[in-house]
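Visitor: Quick one: this structure, given as structure tokens, is what I'll be asking you about.
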Amino acid sequence: MANNLGNKRIMAENIKRFLAKNNMNRKELSECMGVPYTTVCSWVSGDMYPRIDKIEKMAQVFGVSKANLIEEDIAFEQPTPPAKISDKDIMFALLDGDKYEEIPDEVFNEVKEFAQWIAEKKMREQK
């Protein structure tokens, strides 16, 4: 991975992400940081790059490391691969493991879709 230190776009995207994650807006961040609102806006738009002391303060405000602010977050940008749930796992859960009964394909497919949704939800929550 290339050295992304100083990349305004990456910094801007990370600030936006942490604002959203912390349910903060630009005005609130400017107040916490003790900087003008317009300064925060210029960071978020990627027009300016914050000084190191401001990066340190922002990391404290968000409760993250400085690296989380200045480096590209690969995991954030790449989609999570879907969780794999086998038909055997679904049958085991549906039929108490060892009892095989014929169930309609429509019911099985509906349960399979729901199981997939649950697995994907759990993966998102673990991030």
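Naming works like this for the structure tokens: A, B, ... for the chains as they're shown, residue 1 at the start of each chain, ligands 1 onward in shown order.
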Hey, what's within 8 Å of Val61 of chain A if we count only C-alpha atoms and toss same-chain stuff fewer than 4 positions away? As a compact mmCIF listing (two decimals) with C-alpha atoms, in the first residue's frame, please?
Guide:
```
# COMPACT_ATOMS: atom_id res chain seq x y z
CA CYS A 32 -14.91 20.12 20.53
CA MET A 33 -11.74 20.97 18.63
CA LYS A 57 -7.04 16.32 19.05
```
Visitor: In terms of the shortest atom-to-atom distance over only C-alpha atoms, which of A:Phe108, A:Phe114, A:Tyr49, A:Trp43 is closest to Ile15 of chain A?
Guide: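 Between A:Phe108, A:Phe114, A:Tyr49, A:Trp43, the residue approaching Ile15 of chain A most closely is A:Trp43.
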Visitor: Quick one: residues within 10 Å of Met58 of chain A, only C-alpha atoms counted, chain neighbours fewer than 2 positions away excluded, as number ranges by chain?
Guide: A: 15, 18, 29-30, 32-33, 50, 52-56, 60-66, 69
Visitor: Pull C-alpha atoms from the residues just selected and write them as a compact mmCIF listing (two decimals), in the first residue's frame.
Guide:
```txt
# COMPACT_ATOMS: atom_id res chain seq x y z
CA ILE A 15 -13.53 12.49 9.12
CA PHE A 18 -16.15 9.18 12.17
CA LEU A 29 -16.65 18.84 15.94
CA SER A 30 -15.50 22.43 15.53
CA CYS A 32 -14.91 20.12 20.53
CA MET A 33 -11.74 20.97 18.63
CA PRO A 50 -5.27 19.50 9.41
CA ILE A 52 -0.66 17.32 13.35
CA ASP A 53 -1.84 18.85 16.63
CA LYS A 54 -5.38 19.02 15.21
CA ILE A 55 -5.15 15.42 14.01
CA GLU A 56 -4.13 14.38 17.53
CA GLN A 60 -9.03 12.02 20.95
CA VAL A 61 -12.48 13.42 20.17
CA PHE A 62 -13.38 10.37 18.05
CA GLY A 63 -11.63 7.91 20.37
CA VAL A 64 -9.45 6.49 17.59
CA SER A 65 -5.78 6.43 16.69
CA LYS A 66 -4.21 9.04 14.45
CA LEU A 69 -7.71 9.33 10.52
```
Visitor: Counting only C-alpha atoms, figure out which residue out of A:Val111, A:Ala67, A:Ile10, A:Met123 gets nearest to Met48 of chain A.
Guide: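 Result for the nearest residue to Met48 of chain A: A:Ile10.
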Visitor: Using atom CA of Asn14 of chain A and atom CA of Arg124 of chain A as the two end points, give the distance in Å to one decimal.
Guide: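 So the answer is 18.4 Å.
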Visitor: Would you pick out the contacts of Lys16 of chain A at 10 Å or less, using only C-alpha atoms, so that residues sharing its chain but fewer than 3 positions from it are not included, and give the list as a ChimeraX atom specification?
Guide: /A:10-13,19-22,24-26,43-45
Visitor: What does the distance from atom CA of Asn23 of chain A to atom CA of Trp117 of chain A come to in Å, to one decimal?
Guide: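 These atoms are spaced 25.9 Å apart.
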Visitor: What does the distance between atom CA of Ser42 of chain A and atom CA of Lys27 of chain A come to in Å, to one decimal place?
Guide: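 Separation of atom CA of Ser42 of chain A and atom CA of Lys27 of chain A: 12.4 Å.
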Visitor: From the set A:Glu120, A:Arg17, A:Asn7, A:Gly34, which residue has the shortest atom-to-atom contact distance to Gly46 of chain A, counting only C-alpha atoms?
Guide: A:Asn7
Visitor: Taking only C-alpha atoms into account, name the residue in A:Val35, A:Glu71, A:Lys121, A:Ala59 that is nearest to Arg9 of chain A.
Guide: A:Glu71
